[in-house]
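Peer 1: Sending over input10.cif (mmCIF, N, CA and C atoms and all ligand atoms).
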```cif
data_upload
loop_
_atom_site.label_atom_id
_atom_site.label_comp_id
_atom_site.auth_asym_id
_atom_site.auth_seq_id
_atom_site.Cartn_x
_atom_site.Cartn_y
_atom_site.Cartn_z
N MET A 1 60.99 92.70 88.23
CA MET A 1 61.69 92.31 89.44
C MET A 1 62.90 93.20 89.67
N GLU A 2 62.96 93.80 90.86
CA GLU A 2 64.11 94.66 91.21
C GLU A 2 65.39 93.83 91.21
N GLN A 3 66.42 94.35 90.58
CA GLN A 3 67.64 93.58 90.37
C GLN A 3 68.83 94.53 90.35
N SER A 4 70.00 94.00 90.69
CA SER A 4 71.23 94.79 90.58
C SER A 4 72.16 94.15 89.55
N THR A 5 72.96 94.97 88.88
CA THR A 5 73.93 94.46 87.92
C THR A 5 75.24 95.24 88.04
N TYR A 6 76.32 94.60 87.60
CA TYR A 6 77.63 95.25 87.62
C TYR A 6 77.95 95.78 86.22
N ILE A 7 78.22 97.06 86.15
CA ILE A 7 78.56 97.73 84.88
C ILE A 7 79.90 98.41 85.05
N MET A 8 80.73 98.36 84.00
CA MET A 8 82.04 99.00 84.08
C MET A 8 82.33 99.71 82.76
N VAL A 9 82.60 101.01 82.84
CA VAL A 9 83.05 101.76 81.67
C VAL A 9 84.53 101.42 81.50
N LYS A 10 84.88 100.85 80.36
CA LYS A 10 86.23 100.30 80.13
C LYS A 10 87.25 101.41 79.86
N PRO A 11 88.56 101.06 79.97
CA PRO A 11 89.62 102.09 79.90
C PRO A 11 89.59 102.96 78.64
N ASP A 12 89.28 102.38 77.48
CA ASP A 12 89.28 103.20 76.26
C ASP A 12 88.21 104.27 76.32
N ALA A 13 87.06 103.94 76.88
CA ALA A 13 85.96 104.89 76.94
C ALA A 13 86.21 105.97 77.98
N VAL A 14 86.85 105.60 79.11
CA VAL A 14 87.22 106.61 80.11
C VAL A 14 88.24 107.56 79.50
N ALA A 15 89.24 107.01 78.80
CA ALA A 15 90.30 107.84 78.18
C ALA A 15 89.71 108.79 77.13
N ARG A 16 88.66 108.35 76.46
CA ARG A 16 88.05 109.18 75.41
C ARG A 16 87.04 110.19 75.97
N GLY A 17 86.82 110.18 77.27
CA GLY A 17 85.91 111.15 77.86
C GLY A 17 84.45 110.85 77.62
N LEU A 18 84.13 109.55 77.58
CA LEU A 18 82.74 109.15 77.29
C LEU A 18 81.93 108.78 78.52
N VAL A 19 82.52 108.93 79.72
CA VAL A 19 81.85 108.44 80.94
C VAL A 19 80.45 109.05 81.10
N GLY A 20 80.36 110.35 80.99
CA GLY A 20 79.08 111.02 81.21
C GLY A 20 78.01 110.54 80.24
N ARG A 21 78.39 110.42 78.97
CA ARG A 21 77.41 110.00 77.97
C ARG A 21 76.95 108.56 78.18
N ILE A 22 77.90 107.71 78.61
CA ILE A 22 77.55 106.30 78.84
C ILE A 22 76.67 106.15 80.07
N VAL A 23 77.05 106.83 81.15
CA VAL A 23 76.23 106.76 82.37
C VAL A 23 74.83 107.30 82.07
N ALA A 24 74.75 108.34 81.25
CA ALA A 24 73.45 108.93 80.90
C ALA A 24 72.53 107.93 80.20
N ARG A 25 73.10 107.05 79.37
CA ARG A 25 72.28 106.04 78.69
C ARG A 25 71.53 105.18 79.70
N PHE A 26 72.28 104.77 80.74
CA PHE A 26 71.67 103.90 81.76
C PHE A 26 70.66 104.69 82.61
N GLU A 27 71.02 105.92 82.98
CA GLU A 27 70.11 106.75 83.77
C GLU A 27 68.85 107.08 82.97
N ASP A 28 69.02 107.37 81.69
CA ASP A 28 67.86 107.70 80.85
C ASP A 28 66.86 106.55 80.81
N ALA A 29 67.37 105.31 80.89
CA ALA A 29 66.49 104.14 80.87
C ALA A 29 65.77 103.94 82.20
N GLY A 30 66.20 104.69 83.23
CA GLY A 30 65.53 104.61 84.53
C GLY A 30 66.30 103.82 85.57
N LEU A 31 67.50 103.35 85.21
CA LEU A 31 68.30 102.60 86.17
C LEU A 31 68.88 103.54 87.21
N LYS A 32 69.04 103.02 88.42
CA LYS A 32 69.51 103.82 89.55
C LYS A 32 70.96 103.46 89.86
N ILE A 33 71.80 104.48 90.08
CA ILE A 33 73.19 104.24 90.46
C ILE A 33 73.24 103.96 91.95
N GLU A 34 73.64 102.73 92.30
CA GLU A 34 73.77 102.33 93.72
C GLU A 34 75.18 102.57 94.23
N ARG A 35 76.17 102.26 93.38
CA ARG A 35 77.58 102.45 93.73
C ARG A 35 78.27 102.95 92.48
N MET A 36 79.35 103.74 92.66
CA MET A 36 80.09 104.24 91.51
C MET A 36 81.49 104.60 91.97
N GLN A 37 82.50 104.08 91.26
CA GLN A 37 83.87 104.34 91.67
C GLN A 37 84.80 104.38 90.46
N HIS A 38 85.62 105.44 90.42
CA HIS A 38 86.64 105.56 89.38
C HIS A 38 87.93 104.98 89.92
N GLY A 39 88.63 104.16 89.12
CA GLY A 39 89.90 103.63 89.59
C GLY A 39 90.41 102.51 88.71
N LEU A 40 91.55 101.95 89.10
CA LEU A 40 92.15 100.86 88.34
C LEU A 40 91.54 99.52 88.75
N VAL A 41 91.55 98.58 87.82
CA VAL A 41 91.19 97.20 88.12
C VAL A 41 92.51 96.47 88.41
N THR A 42 92.57 95.74 89.53
CA THR A 42 93.79 94.99 89.84
C THR A 42 93.83 93.72 88.98
N ALA A 43 95.02 93.14 88.88
CA ALA A 43 95.18 91.88 88.12
C ALA A 43 94.29 90.79 88.72
N GLU A 44 94.17 90.77 90.04
CA GLU A 44 93.35 89.76 90.72
C GLU A 44 91.87 89.94 90.38
N GLU A 45 91.41 91.20 90.42
CA GLU A 45 90.01 91.47 90.07
C GLU A 45 89.72 91.10 88.62
N ALA A 46 90.67 91.43 87.73
CA ALA A 46 90.49 91.14 86.30
C ALA A 46 90.38 89.63 86.08
N ALA A 47 91.27 88.88 86.72
CA ALA A 47 91.27 87.42 86.56
C ALA A 47 89.97 86.82 87.09
N ALA A 48 89.49 87.33 88.22
CA ALA A 48 88.25 86.82 88.79
C ALA A 48 87.06 87.17 87.90
N ASN A 49 87.03 88.40 87.41
CA ASN A 49 85.90 88.84 86.58
C ASN A 49 85.81 88.05 85.27
N TYR A 50 86.99 87.74 84.70
CA TYR A 50 87.03 87.09 83.39
C TYR A 50 87.45 85.63 83.46
N ALA A 51 87.22 84.99 84.61
CA ALA A 51 87.64 83.59 84.82
C ALA A 51 87.11 82.66 83.72
N GLU A 52 85.90 82.93 83.24
CA GLU A 52 85.30 82.04 82.22
C GLU A 52 86.09 82.06 80.90
N HIS A 53 86.91 83.08 80.70
CA HIS A 53 87.65 83.20 79.43
C HIS A 53 89.10 82.74 79.53
N GLU A 54 89.52 82.27 80.71
CA GLU A 54 90.90 81.83 80.88
C GLU A 54 91.23 80.74 79.88
N GLY A 55 92.40 80.87 79.23
CA GLY A 55 92.82 79.86 78.24
C GLY A 55 92.43 80.20 76.81
N LYS A 56 91.52 81.17 76.64
CA LYS A 56 91.14 81.57 75.28
C LYS A 56 92.24 82.45 74.67
N PRO A 57 92.33 82.49 73.34
CA PRO A 57 93.42 83.24 72.68
C PRO A 57 93.46 84.72 73.06
N PHE A 58 92.31 85.31 73.34
CA PHE A 58 92.28 86.75 73.62
C PHE A 58 92.42 87.06 75.11
N TYR A 59 92.56 86.02 75.95
CA TYR A 59 92.53 86.23 77.41
C TYR A 59 93.63 87.18 77.91
N ASP A 60 94.89 86.92 77.52
CA ASP A 60 95.99 87.76 78.03
C ASP A 60 95.80 89.23 77.62
N GLY A 61 95.39 89.44 76.38
CA GLY A 61 95.15 90.80 75.89
C GLY A 61 94.00 91.46 76.66
N LEU A 62 92.98 90.68 76.96
CA LEU A 62 91.82 91.20 77.69
C LEU A 62 92.23 91.66 79.09
N ILE A 63 93.05 90.85 79.77
CA ILE A 63 93.48 91.19 81.13
C ILE A 63 94.39 92.43 81.10
N SER A 64 95.32 92.49 80.14
CA SER A 64 96.20 93.66 80.13
C SER A 64 95.44 94.92 79.74
N TYR A 65 94.46 94.76 78.85
CA TYR A 65 93.64 95.92 78.46
C TYR A 65 92.80 96.45 79.63
N ILE A 66 92.12 95.57 80.35
CA ILE A 66 91.19 96.04 81.39
C ILE A 66 91.94 96.62 82.59
N THR A 67 93.25 96.27 82.72
CA THR A 67 94.06 96.81 83.81
C THR A 67 94.95 97.97 83.34
N SER A 68 94.75 98.42 82.09
CA SER A 68 95.69 99.38 81.48
C SER A 68 95.45 100.83 81.88
N GLY A 69 94.31 101.13 82.45
CA GLY A 69 94.00 102.51 82.81
C GLY A 69 92.72 102.53 83.61
N PRO A 70 92.38 103.69 84.16
CA PRO A 70 91.20 103.78 85.02
C PRO A 70 89.91 103.38 84.30
N VAL A 71 89.03 102.79 85.08
CA VAL A 71 87.69 102.43 84.63
C VAL A 71 86.70 103.11 85.57
N VAL A 72 85.41 103.05 85.24
CA VAL A 72 84.38 103.47 86.18
C VAL A 72 83.50 102.27 86.48
N LYS A 73 83.55 101.85 87.75
CA LYS A 73 82.83 100.66 88.22
C LYS A 73 81.50 101.09 88.82
N MET A 74 80.45 100.38 88.47
CA MET A 74 79.12 100.77 88.97
C MET A 74 78.27 99.56 89.34
N VAL A 75 77.41 99.77 90.32
CA VAL A 75 76.29 98.87 90.54
C VAL A 75 75.04 99.66 90.18
N LEU A 76 74.28 99.13 89.21
CA LEU A 76 73.03 99.77 88.79
C LEU A 76 71.86 98.87 89.17
N SER A 77 70.74 99.47 89.53
CA SER A 77 69.59 98.66 89.92
C SER A 77 68.32 99.14 89.24
N GLY A 78 67.39 98.21 89.14
CA GLY A 78 66.09 98.50 88.54
C GLY A 78 65.43 97.21 88.13
N PRO A 79 64.17 97.27 87.69
CA PRO A 79 63.48 96.07 87.24
C PRO A 79 64.20 95.44 86.04
N GLY A 80 64.58 94.17 86.17
CA GLY A 80 65.25 93.48 85.06
C GLY A 80 66.57 94.12 84.66
N ALA A 81 67.29 94.69 85.63
CA ALA A 81 68.48 95.50 85.33
C ALA A 81 69.53 94.76 84.49
N VAL A 82 69.71 93.47 84.75
CA VAL A 82 70.75 92.73 84.02
C VAL A 82 70.46 92.74 82.52
N ALA A 83 69.27 92.32 82.14
CA ALA A 83 68.91 92.24 80.72
C ALA A 83 68.75 93.62 80.09
N VAL A 84 68.21 94.55 80.85
CA VAL A 84 68.03 95.91 80.31
C VAL A 84 69.40 96.52 79.97
N CYS A 85 70.37 96.34 80.87
CA CYS A 85 71.71 96.89 80.61
C CYS A 85 72.37 96.22 79.41
N ARG A 86 72.22 94.89 79.30
CA ARG A 86 72.80 94.19 78.15
C ARG A 86 72.18 94.72 76.85
N LYS A 87 70.88 95.00 76.87
CA LYS A 87 70.21 95.53 75.69
C LYS A 87 70.74 96.92 75.34
N LEU A 88 70.91 97.76 76.36
CA LEU A 88 71.42 99.12 76.12
C LEU A 88 72.86 99.08 75.61
N MET A 89 73.65 98.08 76.07
CA MET A 89 75.06 97.95 75.66
C MET A 89 75.19 97.54 74.21
N GLY A 90 74.34 96.62 73.76
CA GLY A 90 74.43 96.09 72.40
C GLY A 90 75.35 94.88 72.32
N ALA A 91 75.49 94.35 71.12
CA ALA A 91 76.28 93.13 70.89
C ALA A 91 77.74 93.34 71.30
N THR A 92 78.38 92.22 71.69
CA THR A 92 79.77 92.26 72.17
C THR A 92 80.70 92.93 71.15
N ASN A 93 80.55 92.59 69.87
CA ASN A 93 81.39 93.19 68.83
C ASN A 93 80.73 94.48 68.32
N PRO A 94 81.36 95.62 68.56
CA PRO A 94 80.76 96.91 68.15
C PRO A 94 80.38 96.96 66.67
N CYS A 95 81.09 96.17 65.83
CA CYS A 95 80.75 96.13 64.40
C CYS A 95 79.36 95.57 64.18
N GLU A 96 78.93 94.72 65.11
CA GLU A 96 77.61 94.09 64.98
C GLU A 96 76.56 94.73 65.89
N ALA A 97 76.99 95.60 66.78
CA ALA A 97 76.06 96.24 67.72
C ALA A 97 75.20 97.26 66.97
N ALA A 98 73.91 97.23 67.25
CA ALA A 98 72.97 98.10 66.53
C ALA A 98 73.21 99.57 66.87
N PRO A 99 72.99 100.46 65.90
CA PRO A 99 72.98 101.89 66.20
C PRO A 99 71.97 102.16 67.31
N GLY A 100 72.31 103.08 68.19
CA GLY A 100 71.42 103.35 69.32
C GLY A 100 71.87 102.63 70.58
N THR A 101 72.70 101.59 70.41
CA THR A 101 73.28 100.93 71.58
C THR A 101 74.61 101.61 71.90
N ILE A 102 75.09 101.41 73.13
CA ILE A 102 76.32 102.07 73.56
C ILE A 102 77.50 101.60 72.71
N ARG A 103 77.63 100.27 72.56
CA ARG A 103 78.75 99.76 71.76
C ARG A 103 78.60 100.13 70.28
N GLY A 104 77.37 100.13 69.79
CA GLY A 104 77.13 100.47 68.40
C GLY A 104 77.43 101.93 68.10
N ASP A 105 77.17 102.79 69.06
CA ASP A 105 77.36 104.23 68.84
C ASP A 105 78.78 104.71 69.13
N TYR A 106 79.49 104.03 70.04
CA TYR A 106 80.79 104.55 70.47
C TYR A 106 81.98 103.65 70.16
N GLY A 107 81.73 102.39 69.76
CA GLY A 107 82.84 101.46 69.58
C GLY A 107 83.05 101.05 68.13
N LEU A 108 84.24 100.54 67.86
CA LEU A 108 84.56 100.02 66.53
C LEU A 108 85.19 98.64 66.58
N VAL A 109 85.89 98.33 67.68
CA VAL A 109 86.64 97.07 67.72
C VAL A 109 86.27 96.23 68.95
N LEU A 110 86.36 94.91 68.75
CA LEU A 110 85.94 93.93 69.76
C LEU A 110 86.75 94.01 71.04
N ASP A 111 88.04 94.25 70.93
CA ASP A 111 88.87 94.21 72.14
C ASP A 111 88.83 95.51 72.94
N ALA A 112 88.20 96.55 72.42
CA ALA A 112 88.00 97.79 73.19
C ALA A 112 86.55 98.19 72.98
N ASN A 113 85.66 97.43 73.62
CA ASN A 113 84.23 97.59 73.30
C ASN A 113 83.44 98.40 74.34
N ILE A 114 84.15 99.37 74.95
CA ILE A 114 83.50 100.48 75.66
C ILE A 114 82.95 100.17 77.06
N VAL A 115 82.24 99.04 77.17
CA VAL A 115 81.53 98.82 78.44
C VAL A 115 81.42 97.33 78.75
N HIS A 116 81.47 97.02 80.03
CA HIS A 116 81.21 95.65 80.51
C HIS A 116 79.89 95.64 81.26
N GLY A 117 79.13 94.55 81.13
CA GLY A 117 77.92 94.37 81.93
C GLY A 117 77.70 92.90 82.24
N SER A 118 77.28 92.61 83.45
CA SER A 118 77.02 91.22 83.85
C SER A 118 76.05 90.55 82.88
N ASP A 119 76.27 89.25 82.62
CA ASP A 119 75.43 88.55 81.64
C ASP A 119 74.29 87.74 82.26
N SER A 120 74.20 87.69 83.58
CA SER A 120 73.11 86.97 84.25
C SER A 120 73.02 87.48 85.69
N PRO A 121 71.92 87.23 86.38
CA PRO A 121 71.82 87.64 87.79
C PRO A 121 72.91 86.98 88.64
N GLU A 122 73.29 85.74 88.30
CA GLU A 122 74.33 85.04 89.05
C GLU A 122 75.68 85.72 88.83
N SER A 123 75.98 86.07 87.58
CA SER A 123 77.23 86.80 87.28
C SER A 123 77.23 88.14 87.99
N ALA A 124 76.08 88.80 88.02
CA ALA A 124 75.99 90.11 88.67
C ALA A 124 76.37 90.02 90.14
N GLU A 125 75.84 89.02 90.82
CA GLU A 125 76.13 88.85 92.24
C GLU A 125 77.62 88.60 92.45
N ARG A 126 78.19 87.75 91.60
CA ARG A 126 79.61 87.41 91.69
C ARG A 126 80.49 88.64 91.40
N GLU A 127 80.15 89.38 90.36
CA GLU A 127 80.96 90.53 89.95
C GLU A 127 80.85 91.69 90.94
N ILE A 128 79.66 91.91 91.49
CA ILE A 128 79.50 92.96 92.50
C ILE A 128 80.38 92.63 93.71
N ALA A 129 80.44 91.34 94.07
CA ALA A 129 81.29 90.93 95.20
C ALA A 129 82.77 91.15 94.89
N ILE A 130 83.17 90.90 93.64
CA ILE A 130 84.58 91.10 93.26
C ILE A 130 84.97 92.57 93.40
N PHE A 131 84.12 93.46 92.91
CA PHE A 131 84.51 94.87 92.83
C PHE A 131 84.03 95.73 94.00
N PHE A 132 82.99 95.31 94.68
CA PHE A 132 82.47 96.12 95.78
C PHE A 132 82.29 95.32 97.07
N GLY A 133 82.74 94.04 97.04
CA GLY A 133 82.57 93.19 98.23
C GLY A 133 83.44 93.67 99.37
N ASP A 134 83.07 93.27 100.55
CA ASP A 134 83.86 93.67 101.72
C ASP A 134 85.07 92.76 101.87
P1 LIG B 201 80.55 90.43 76.81
O1 LIG B 201 81.48 91.53 77.29
O2 LIG B 201 79.56 90.95 75.80
O3 LIG B 201 79.89 89.69 77.94
P2 LIG B 201 82.28 88.12 76.49
O4 LIG B 201 82.10 87.05 75.47
O5 LIG B 201 81.99 87.78 77.92
O6 LIG B 201 81.45 89.39 76.01
O7 LIG B 201 83.79 88.61 76.37
C1 LIG B 201 84.35 89.45 77.36
C2 LIG B 201 85.17 90.53 76.68
O8 LIG B 201 86.30 89.92 76.05
C3 LIG B 201 84.43 91.26 75.55
O9 LIG B 201 83.68 92.33 76.03
C4 LIG B 201 85.56 91.71 74.66
O10 LIG B 201 86.14 92.91 75.16
C5 LIG B 201 86.58 90.59 74.83
N1 LIG B 201 86.48 89.61 73.74
C6 LIG B 201 85.55 88.65 73.59
N2 LIG B 201 85.79 87.90 72.51
C7 LIG B 201 86.93 88.38 71.97
C8 LIG B 201 87.71 88.01 70.82
O11 LIG B 201 87.40 87.07 70.07
N3 LIG B 201 88.83 88.77 70.57
C9 LIG B 201 89.20 89.82 71.39
N4 LIG B 201 88.49 90.18 72.48
C10 LIG B 201 87.37 89.48 72.76
MG MG B 202 80.65 88.41 79.34
#
```
Using structure tokens, write down the structure that the file contains.
Peer 2:
Amino acid sequence: MEQSTYIMVKPDAVARGLVGRIVARFEDAGLKIERMQHGLVTAEEAAANYAEHEGKPFYDGLISYITSGPVVKMVLSGPGAVAVCRKLMGATNPCEAAPGTIRGDYGLVLDANIVHGSDSPESAEREIAIFFGD
């Protein structure tokens, strides 16, 4: 089923010059870039994107981290795009992410885990509206 998902290369990965390699992982899998934008995440966008984590111990750190420097925001599409992207990304904690996944190959710590990807088609629709909505 053709589907769209929201993917974001996080500030640590942009700062390390990993954008091309990360985007290539998704393109190599056959996903199509529908939208792509380099820039900062506003505090409002960050709060909306991570609303489910409000009140958790890591929330404040997560918001300051994701707004700390430029990111690359993308809408990717393809059959089963949401699940395919989550598989390519690997587990949330890079220590547990398998080799061959983006987080497993490029990350070491949970709070700077390289890439964000929508966790369901519903989240994808919501997140695309936050970052690319009119
Ligand atoms: P996900 O990014 O794989 O969907 P979520 O559980 O939705 O993982 O968490 C969102 C982001 O919050 C993670 O990508 C990670 O950067 C950060 N995070 C999650 N849990 C923790 C934690 O226990 N400590 C610090 N940061 C965390
Ligand atoms: Mg999540």
Peer 1: Run DSSP on the backbone and tell me which residues of range 2-133 of chain A come out as strand (DSSP E); list them as a list in words.
Peer 2: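 Assigned to strand (DSSP E), within range 2-133 of chain A: Glu2, Gln3, Ser4, Thr5, Tyr6, Ile7, Met8, Val9, Lys32, Ile33, Glu34, Arg35, Met36, Gln37, His38, Gly39, Val71, Val72, Lys73, Met74, Val75, Leu76, Ser77, Gly78, Pro79, Val115, His116 and Gly117 of chain A.
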Peer 1: Could you tell me how far CA of Asp119 in chain A lies from CA of Lys73 in chain A, in Å and to one decimal?
Peer 2: 15.6 Å
Peer 1: With only N, CA and C atoms and all ligand atoms counted, collect every polymer residue having an atom within 8 Å of ligand MG 202 (chain B); state the result as a list in words.
Peer 2: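 These are the residues that qualify: Asn49, Tyr50, His116, Gly117, Ser118, Asp119 and Ser120 of chain A.
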Peer 1: Write as a PyMOL selection string the residues around ligand LIG 201 (chain B), taking 6.5 Å as the cut-off and counting all atoms listed in the file.
Peer 2: chain A and resi 58+62+91-93+110-113+115-119
Peer 1: For the atom pair atom N of Gly133 in chain A and CA of Val14 in chain A, what is the interatomic distance in Å to one decimal place?
Peer 2: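 Computing the Euclidean distance for atom N of Gly133 in chain A and CA of Val14 in chain A yields 21.6 Å.
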Peer 1: Interatomic distance between CA of Leu108 in chain A and CA of Lys87 in chain A?
Peer 2: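 According to the coordinates, CA of Leu108 in chain A and CA of Lys87 in chain A are separated by 17.6 Å.
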